[in-house]
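Structure record follows, encoded as structure tokens.
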Amino acid sequence: MKETLPPDALPGLQAMLPKGWSYTIASKSGRMGHPHGLEEPLFRADFVSTSGTFLRVLPGGKSATVQPSLRLHFHRREERPRIFDVIEREKVFSWEIPILFGETKDYVIVTSPEWVNHGVSTTEARTLYEPLEKALREYIRSRS
């Protein structure tokens with residue numbers, strides 16, 4: 001049975017985000033996706049920045065201008081042992097592998113390399129993403 005998303009699942013988060021960053025919450029069952037080996041999360045948060053862009057090379061060699069972004073999946077804390085087992089087992093795959101982003105007293109937070117800046121890890125893309133990562137790490141520490 002799918003749990004109901006708390007009305008304010010991430011209290012105070014928007015105030016801690018760097019300028020230009022915002023997020024949306026998705027919690028519709030069957031529509032959230034998941035990294036290889038994991039089931040859908042309780043909810044996911046999609047972050048995007050309007051403060052800069054970078055180029056992403058697409059299949060076929062074309063490129064597109066994209067905004068910095070991040071997707072995080074929030075699983076119930078009680079699922080921690082199973083999630084850690086999956087993360088360890090899935091390291092052998094090369095696409096949408098689950099990686100631990102952090103943990104709070106309520107959630108185990110998972111992402112995937114493909115969900116950080118659309119899988120782009122250039123210096124420019126990382127520089128635009130780093131303020132968000134720093135803010136999220138601080139937020140997670142405040143909720144642990």
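Each chain in the structure tokens gets a letter, A, B and so on, in the order shown; residues start at 1 in every chain, and ligands are counted from 1 in the order they appear.
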
>> If we count only C-alpha atoms and set the cut-off at 12 Å, which residues sit around segment 24-27 of chain A, ignoring sequence neighbours fewer than 2 positions away in its own chain? Please answer as an MDAnalysis selection string.
In response: chainID A and resid 2:10 13:14 21:22 29:33 40:49 69:75

> segment 80-92 of chain A: which residues within 7 Å, counting only C-alpha atoms, same-chain residues fewer than 3 positions away excluded, as an MDAnalysis selection string?
Replying inline: chainID A and resid 37:38 77 97:99 108

>> Among segment 35-109 of chain A, which residues does DSSP mark as helix (DSSP H, G or I) when it is run on the backbone? Keep the chain and numbering as in the structure and answer as a PyMOL selection string.
In response: chain A and resi 77-90

>> Excluding Pro113 of chain A and its own-chain neighbours fewer than 2 positions away, which residues fall within 10 Å of it when counting only C-alpha atoms? Please give them as a count of residues only.
In response: 17

>> Using only C-alpha atoms, can you tell me which of A:Leu128, A:Leu17, A:Leu55, A:Leu136 comes closest to Gly102 of chain A?
In response: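 Answer, going by the shortest atom-to-atom distance: A:Leu136.
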
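Our summary of the geometry notes that atom CA of Ile109 of chain A is positioned 24.7 Å from atom CA of Thr123 of chain A.
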
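Put simply, atom CA of Gly12 of chain A is 13.0 Å away from atom CA of Arg141 of chain A.
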
From a DSSP pass on the backbone, collect the residues of segment 34-139 of chain A flagged as strand (DSSP E or B) and hand them back as a PDB file with N, CA and C atoms, in the first residue's frame.
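And here is the file that came out, part_3.pdb:
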ATOM      1  N   PHE A  43       8.397   9.345  -2.306  1.00  0.00           N
ATOM      2  CA  PHE A  43       8.229  10.523  -3.170  1.00  0.00           C
ATOM      3  C   PHE A  43       9.580  10.877  -3.738  1.00  0.00           C
ATOM      4  N   ARG A  44       9.575  11.758  -4.732  1.00  0.00           N
ATOM      5  CA  ARG A  44      10.824  12.239  -5.304  1.00  0.00           C
ATOM      6  C   ARG A  44      10.790  13.760  -5.348  1.00  0.00           C
ATOM      7  N   ALA A  45      11.980  14.351  -5.342  1.00  0.00           N
ATOM      8  CA  ALA A  45      12.119  15.799  -5.466  1.00  0.00           C
ATOM      9  C   ALA A  45      12.987  16.072  -6.687  1.00  0.00           C
ATOM     10  N   ASP A  46      12.498  16.922  -7.563  1.00  0.00           N
ATOM     11  CA  ASP A  46      13.225  17.328  -8.764  1.00  0.00           C
ATOM     12  C   ASP A  46      13.655  18.780  -8.596  1.00  0.00           C
ATOM     13  N   PHE A  47      14.960  19.010  -8.638  1.00  0.00           N
ATOM     14  CA  PHE A  47      15.539  20.339  -8.458  1.00  0.00           C
ATOM     15  C   PHE A  47      16.002  20.862  -9.812  1.00  0.00           C
ATOM     16  N   VAL A  48      15.832  22.177 -10.024  1.00  0.00           N
ATOM     17  CA  VAL A  48      16.295  22.798 -11.260  1.00  0.00           C
ATOM     18  C   VAL A  48      16.737  24.228 -10.949  1.00  0.00           C
ATOM     19  N   SER A  49      17.725  24.683 -11.697  1.00  0.00           N
ATOM     20  CA  SER A  49      18.236  26.033 -11.517  1.00  0.00           C
ATOM     21  C   SER A  49      17.994  26.864 -12.770  1.00  0.00           C
ATOM     22  N   PHE A  54      24.475  24.851 -19.380  1.00  0.00           N
ATOM     23  CA  PHE A  54      25.664  24.211 -19.926  1.00  0.00           C
ATOM     24  C   PHE A  54      25.227  23.314 -21.072  1.00  0.00           C
ATOM     25  N   LEU A  55      26.210  22.849 -21.839  1.00  0.00           N
ATOM     26  CA  LEU A  55      25.900  21.996 -22.983  1.00  0.00           C
ATOM     27  C   LEU A  55      25.916  20.527 -22.583  1.00  0.00           C
ATOM     28  N   ARG A  56      24.947  19.808 -23.097  1.00  0.00           N
ATOM     29  CA  ARG A  56      24.873  18.358 -22.930  1.00  0.00           C
ATOM     30  C   ARG A  56      24.945  17.735 -24.312  1.00  0.00           C
ATOM     31  N   VAL A  57      25.879  16.810 -24.495  1.00  0.00           N
ATOM     32  CA  VAL A  57      26.001  16.117 -25.776  1.00  0.00           C
ATOM     33  C   VAL A  57      24.958  15.003 -25.809  1.00  0.00           C
ATOM     34  N   SER A  63      24.182  18.561 -29.582  1.00  0.00           N
ATOM     35  CA  SER A  63      24.221  19.067 -28.206  1.00  0.00           C
ATOM     36  C   SER A  63      22.993  19.917 -27.930  1.00  0.00           C
ATOM     37  N   ALA A  64      22.695  20.041 -26.651  1.00  0.00           N
ATOM     38  CA  ALA A  64      21.559  20.837 -26.209  1.00  0.00           C
ATOM     39  C   ALA A  64      21.989  21.649 -24.997  1.00  0.00           C
ATOM     40  N   THR A  65      21.443  22.828 -24.866  1.00  0.00           N
ATOM     41  CA  THR A  65      21.677  23.659 -23.694  1.00  0.00           C
ATOM     42  C   THR A  65      20.687  23.230 -22.621  1.00  0.00           C
ATOM     43  N   VAL A  66      21.198  22.900 -21.427  1.00  0.00           N
ATOM     44  CA  VAL A  66      20.338  22.443 -20.340  1.00  0.00           C
ATOM     45  C   VAL A  66      20.653  23.211 -19.062  1.00  0.00           C
ATOM     46  N   SER A  69      20.483  20.472 -12.720  1.00  0.00           N
ATOM     47  CA  SER A  69      19.334  19.771 -12.152  1.00  0.00           C
ATOM     48  C   SER A  69      19.787  18.609 -11.273  1.00  0.00           C
ATOM     49  N   LEU A  70      18.835  18.109 -10.493  1.00  0.00           N
ATOM     50  CA  LEU A  70      19.070  16.963  -9.630  1.00  0.00           C
ATOM     51  C   LEU A  70      17.729  16.313  -9.332  1.00  0.00           C
ATOM     52  N   ARG A  71      17.711  14.994  -9.291  1.00  0.00           N
ATOM     53  CA  ARG A  71      16.532  14.236  -8.862  1.00  0.00           C
ATOM     54  C   ARG A  71      16.934  13.394  -7.658  1.00  0.00           C
ATOM     55  N   LEU A  72      16.123  13.485  -6.611  1.00  0.00           N
ATOM     56  CA  LEU A  72      16.340  12.684  -5.414  1.00  0.00           C
ATOM     57  C   LEU A  72      15.108  11.847  -5.121  1.00  0.00           C
ATOM     58  N   HIS A  73      15.329  10.610  -4.743  1.00  0.00           N
ATOM     59  CA  HIS A  73      14.246   9.717  -4.336  1.00  0.00           C
ATOM     60  C   HIS A  73      14.302   9.530  -2.830  1.00  0.00           C
ATOM     61  N   PHE A  74      13.163   9.664  -2.190  1.00  0.00           N
ATOM     62  CA  PHE A  74      13.052   9.559  -0.739  1.00  0.00           C
ATOM     63  C   PHE A  74      12.319   8.273  -0.381  1.00  0.00           C
ATOM     64  N   HIS A  75      13.046   7.391   0.286  1.00  0.00           N
ATOM     65  CA  HIS A  75      12.490   6.109   0.735  1.00  0.00           C
ATOM     66  C   HIS A  75      12.335   6.142   2.256  1.00  0.00           C
ATOM     67  N   ARG A  76      11.385   5.376   2.765  1.00  0.00           N
ATOM     68  CA  ARG A  76      11.194   5.283   4.204  1.00  0.00           C
ATOM     69  C   ARG A  76      12.477   4.771   4.870  1.00  0.00           C
ATOM     70  N   ILE A  99      22.665   5.457  -6.017  1.00  0.00           N
ATOM     71  CA  ILE A  99      23.731   5.858  -5.104  1.00  0.00           C
ATOM     72  C   ILE A  99      23.092   6.592  -3.931  1.00  0.00           C
ATOM     73  N   LEU A 100      23.660   6.404  -2.762  1.00  0.00           N
ATOM     74  CA  LEU A 100      23.152   7.070  -1.571  1.00  0.00           C
ATOM     75  C   LEU A 100      23.518   8.542  -1.633  1.00  0.00           C
ATOM     76  N   PHE A 101      22.514   9.407  -1.474  1.00  0.00           N
ATOM     77  CA  PHE A 101      22.777  10.844  -1.398  1.00  0.00           C
ATOM     78  C   PHE A 101      22.885  11.269   0.056  1.00  0.00           C
ATOM     79  N   GLY A 102      22.030  10.688   0.915  1.00  0.00           N
ATOM     80  CA  GLY A 102      22.060  11.044   2.326  1.00  0.00           C
ATOM     81  C   GLY A 102      20.951  10.346   3.089  1.00  0.00           C
ATOM     82  N   GLU A 103      20.942  10.583   4.397  1.00  0.00           N
ATOM     83  CA  GLU A 103      19.921  10.010   5.261  1.00  0.00           C
ATOM     84  C   GLU A 103      19.481  11.043   6.289  1.00  0.00           C
ATOM     85  N   TYR A 107      14.132   9.528   6.286  1.00  0.00           N
ATOM     86  CA  TYR A 107      14.292   9.054   4.915  1.00  0.00           C
ATOM     87  C   TYR A 107      15.701   8.559   4.601  1.00  0.00           C
ATOM     88  N   VAL A 108      15.765   7.634   3.656  1.00  0.00           N
ATOM     89  CA  VAL A 108      16.998   7.284   2.969  1.00  0.00           C
ATOM     90  C   VAL A 108      16.865   7.923   1.591  1.00  0.00           C
ATOM     91  N   ILE A 109      17.829   8.747   1.208  1.00  0.00           N
ATOM     92  CA  ILE A 109      17.727   9.555  -0.003  1.00  0.00           C
ATOM     93  C   ILE A 109      18.695   9.004  -1.049  1.00  0.00           C
ATOM     94  N   VAL A 110      18.141   8.675  -2.206  1.00  0.00           N
ATOM     95  CA  VAL A 110      18.891   8.015  -3.266  1.00  0.00           C
ATOM     96  C   VAL A 110      18.830   8.861  -4.537  1.00  0.00           C
ATOM     97  N   THR A 111      19.923   8.862  -5.277  1.00  0.00           N
ATOM     98  CA  THR A 111      19.949   9.479  -6.596  1.00  0.00           C
ATOM     99  C   THR A 111      20.659   8.513  -7.541  1.00  0.00           C
ATOM    100  N   VAL A 116      22.055  13.668 -11.893  1.00  0.00           N
ATOM    101  CA  VAL A 116      22.800  14.854 -11.479  1.00  0.00           C
ATOM    102  C   VAL A 116      23.211  15.565 -12.761  1.00  0.00           C
TER     103      VAL A 116
END

Taking 2 positions as the minimum chain separation for residues in the same chain, which residues sit within 7 Å of Arg143 of chain A when counting only C-alpha atoms? Answer as an mmCIF file with C-alpha atoms, in the first residue's frame.
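Saved file part14.cif follows:
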data_model
loop_
_atom_site.group_PDB
_atom_site.id
_atom_site.type_symbol
_atom_site.label_atom_id
_atom_site.label_comp_id
_atom_site.auth_asym_id
_atom_site.auth_seq_id
_atom_site.Cartn_x
_atom_site.Cartn_y
_atom_site.Cartn_z
ATOM 1 C CA THR A 104 17.658 11.861 7.673
ATOM 2 C CA LYS A 105 15.799 10.525 10.672
ATOM 3 C CA TYR A 139 19.565 20.499 5.098
ATOM 4 C CA ILE A 140 20.064 16.737 5.529
ATOM 5 C CA ARG A 141 22.366 17.298 8.509
#

>> Please determine, counting only C-alpha atoms, which residue among A:Glu138, A:Glu124, A:Glu130, A:Glu39 has the shortest atom-to-atom distance to Glu79 of chain A.
In response: A:Glu39
